[in-house]
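The structure appears below as C-alpha cells.
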Amino acid sequence: MERAKLFLLLVAISAFFCATGCATILNDDPELIIVSTNPTAAKVFLDNNEVGTSPLTVKMSIDQSHIIRVEKEGYETKSETIVRRIGWGWVILDIICGIIPVVVDLITSKWYELNVPRSELRIDLRPVR
C-alpha cells in the first residue's frame, strides 16, 4: 500500500512539472542583484532611475536588459549593461519534460535570465584627474 502511495505521489509531481514550464515554476522574476562599488556610497541608477546608494540590492525584471549607472562626486561615472539572455538549462529541462513545458515557458518568457554572475555586480570607480 505504501508503494502505491509513493508511486502516485511521484506521478503527481511529474505531471505537475510536465503540465507547466519548469522555468515558470522555478525561475525567479524579478531577480535580486547586489550592486556594490569601490568606493562605497555611490548613487546607483537602474535604467536612468535612481534606486539608492551602494551597496544595495536591486530588483531587475528578466523581461528586458538593463543599464546600471553609478555616480560619485570626484569619480568617473560608470555604466554596466545587464543583458537578458536565454538560460539554456531551462530549455533543455523543458525539452526533457515534453512539449507543454516548452510552450508554457516560451510564452511566459521564463527561459530568460540576466548575465550577472552569482547575482552580484561589482563596479570599481576611478578618481577624476
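In the C-alpha cells, chains take letters A, B, ... by order of appearance, with residues numbered from 1 within each chain and ligands from 1 in the order shown.
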
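Using only C-alpha atoms, the residues found no farther than 8 Å from Glu71 in chain A, other than those of its own chain fewer than 5 positions away, are Ala42, Lys43, Val44, Glu76, Thr77 and Lys78 of chain A.
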
Could you save those same residues with all heavy atoms as a PDB file, in the first residue's frame?
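As a result, selection26.pdb now contains:
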```
ATOM      1  N   ALA A  42      28.125  55.317  -3.582  1.00  0.00           N
ATOM      2  CA  ALA A  42      27.880  55.915  -4.898  1.00  0.00           C
ATOM      3  C   ALA A  42      26.393  55.846  -5.197  1.00  0.00           C
ATOM      4  O   ALA A  42      25.703  54.911  -4.768  1.00  0.00           O
ATOM      5  CB  ALA A  42      28.667  55.168  -5.973  1.00  0.00           C
ATOM      6  N   LYS A  43      25.878  56.832  -5.921  1.00  0.00           N
ATOM      7  CA  LYS A  43      24.478  56.799  -6.346  1.00  0.00           C
ATOM      8  C   LYS A  43      24.330  55.733  -7.423  1.00  0.00           C
ATOM      9  O   LYS A  43      25.150  55.645  -8.336  1.00  0.00           O
ATOM     10  CB  LYS A  43      24.044  58.147  -6.924  1.00  0.00           C
ATOM     11  CG  LYS A  43      23.906  59.239  -5.908  1.00  0.00           C
ATOM     12  CD  LYS A  43      23.409  60.514  -6.589  1.00  0.00           C
ATOM     13  CE  LYS A  43      23.313  61.651  -5.601  1.00  0.00           C
ATOM     14  NZ  LYS A  43      22.888  62.905  -6.271  1.00  0.00           N
ATOM     15  N   VAL A  44      23.267  54.933  -7.302  1.00  0.00           N
ATOM     16  CA  VAL A  44      23.020  53.848  -8.251  1.00  0.00           C
ATOM     17  C   VAL A  44      21.733  54.150  -9.001  1.00  0.00           C
ATOM     18  O   VAL A  44      20.707  54.467  -8.401  1.00  0.00           O
ATOM     19  CB  VAL A  44      22.923  52.481  -7.529  1.00  0.00           C
ATOM     20  CG1 VAL A  44      22.620  51.374  -8.523  1.00  0.00           C
ATOM     21  CG2 VAL A  44      24.198  52.189  -6.754  1.00  0.00           C
ATOM     22  N   GLU A  76      34.801  59.121 -11.860  1.00  0.00           N
ATOM     23  CA  GLU A  76      34.192  58.981 -13.177  1.00  0.00           C
ATOM     24  C   GLU A  76      32.883  58.193 -13.056  1.00  0.00           C
ATOM     25  O   GLU A  76      32.802  57.231 -12.300  1.00  0.00           O
ATOM     26  CB  GLU A  76      35.137  58.246 -14.127  1.00  0.00           C
ATOM     27  CG  GLU A  76      36.396  59.014 -14.445  1.00  0.00           C
ATOM     28  CD  GLU A  76      37.338  58.244 -15.357  1.00  0.00           C
ATOM     29  OE1 GLU A  76      37.031  57.096 -15.750  1.00  0.00           O
ATOM     30  OE2 GLU A  76      38.401  58.800 -15.683  1.00  0.00           O
ATOM     31  N   THR A  77      31.880  58.625 -13.822  1.00  0.00           N
ATOM     32  CA  THR A  77      30.617  57.880 -13.884  1.00  0.00           C
ATOM     33  C   THR A  77      30.869  56.608 -14.689  1.00  0.00           C
ATOM     34  O   THR A  77      31.581  56.624 -15.690  1.00  0.00           O
ATOM     35  CB  THR A  77      29.534  58.736 -14.568  1.00  0.00           C
ATOM     36  OG1 THR A  77      29.313  59.893 -13.762  1.00  0.00           O
ATOM     37  CG2 THR A  77      28.238  57.963 -14.728  1.00  0.00           C
ATOM     38  N   LYS A  78      30.281  55.519 -14.239  1.00  0.00           N
ATOM     39  CA  LYS A  78      30.461  54.250 -14.936  1.00  0.00           C
ATOM     40  C   LYS A  78      29.112  53.570 -15.138  1.00  0.00           C
ATOM     41  O   LYS A  78      28.253  53.606 -14.260  1.00  0.00           O
ATOM     42  CB  LYS A  78      31.394  53.333 -14.142  1.00  0.00           C
ATOM     43  CG  LYS A  78      31.849  52.127 -14.926  1.00  0.00           C
ATOM     44  CD  LYS A  78      33.076  51.504 -14.327  1.00  0.00           C
ATOM     45  CE  LYS A  78      33.532  50.350 -15.184  1.00  0.00           C
ATOM     46  NZ  LYS A  78      34.614  49.614 -14.561  1.00  0.00           N
TER      47      LYS A  78
END
```

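Listed by chain and then by rising number, the residues of range 45-128 of chain A that DSSP assigns to helix (DSSP H, G or I) from the backbone are Trp88, Gly89, Trp90, Val91, Ile92, Leu93, Asp94, Ile95, Ile96, Cys97, Ile99, Ile100, Pro101, Val102, Val103, Val104, Asp105, Leu106, Ile107, Thr108, Pro117, Arg118 and Ser119 of chain A.
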
Atoms to include: C-alpha atoms. Write the selected residues as a PDB file, in the first residue's frame.
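Result written to selection.pdb:
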```pdb
ATOM      1  CA  TRP A  88      19.790  27.044 -21.908  1.00  0.00           C
ATOM      2  CA  GLY A  89      19.442  24.855 -18.813  1.00  0.00           C
ATOM      3  CA  TRP A  90      15.731  25.776 -18.666  1.00  0.00           C
ATOM      4  CA  VAL A  91      15.289  24.954 -22.360  1.00  0.00           C
ATOM      5  CA  ILE A  92      16.927  21.541 -22.004  1.00  0.00           C
ATOM      6  CA  LEU A  93      14.884  20.717 -18.883  1.00  0.00           C
ATOM      7  CA  ASP A  94      11.670  21.683 -20.691  1.00  0.00           C
ATOM      8  CA  ILE A  95      12.539  19.557 -23.717  1.00  0.00           C
ATOM      9  CA  ILE A  96      13.140  16.568 -21.446  1.00  0.00           C
ATOM     10  CA  CYS A  97       9.711  17.102 -19.837  1.00  0.00           C
ATOM     11  CA  ILE A  99       6.133  19.902 -25.463  1.00  0.00           C
ATOM     12  CA  ILE A 100       3.792  21.552 -22.930  1.00  0.00           C
ATOM     13  CA  PRO A 101       6.606  22.960 -20.735  1.00  0.00           C
ATOM     14  CA  VAL A 102       8.374  24.233 -23.865  1.00  0.00           C
ATOM     15  CA  VAL A 103       5.269  26.130 -24.980  1.00  0.00           C
ATOM     16  CA  VAL A 104       4.467  27.479 -21.476  1.00  0.00           C
ATOM     17  CA  ASP A 105       7.976  28.789 -20.820  1.00  0.00           C
ATOM     18  CA  LEU A 106       8.269  30.200 -24.329  1.00  0.00           C
ATOM     19  CA  ILE A 107       5.014  32.151 -23.931  1.00  0.00           C
ATOM     20  CA  THR A 108       5.828  33.403 -20.403  1.00  0.00           C
ATOM     21  CA  PRO A 117      27.412  36.046 -12.223  1.00  0.00           C
ATOM     22  CA  ARG A 118      26.249  34.912  -8.778  1.00  0.00           C
ATOM     23  CA  SER A 119      23.707  37.800  -8.811  1.00  0.00           C
TER      24      SER A 119
END
```

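Secondary structure by DSSP on the backbone puts the following residues of range 38-79 of chain A in strand (DSSP E or B): Asn38, Lys43, Val44, Phe45, Leu46, Asn49, Glu50, Val51, Gly52, Thr53, Leu56, Thr57, Val58, Lys59, Met60, His66, Ile67, Ile68, Arg69, Val70, Glu71, Tyr75, Lys78 and Ser79 of chain A.
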
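Each of A:Ile68, A:Val116, A:Leu56, A:Ile62 was compared to Pro30 in chain A using only C-alpha atoms, and A:Ile62 turns out to be the nearest.
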
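Of the listed residues (A:Glu31, A:Pro39, A:Trp111, A:Arg85), A:Pro39 comes nearest to Ser54 in chain A; the distances count only C-alpha atoms.
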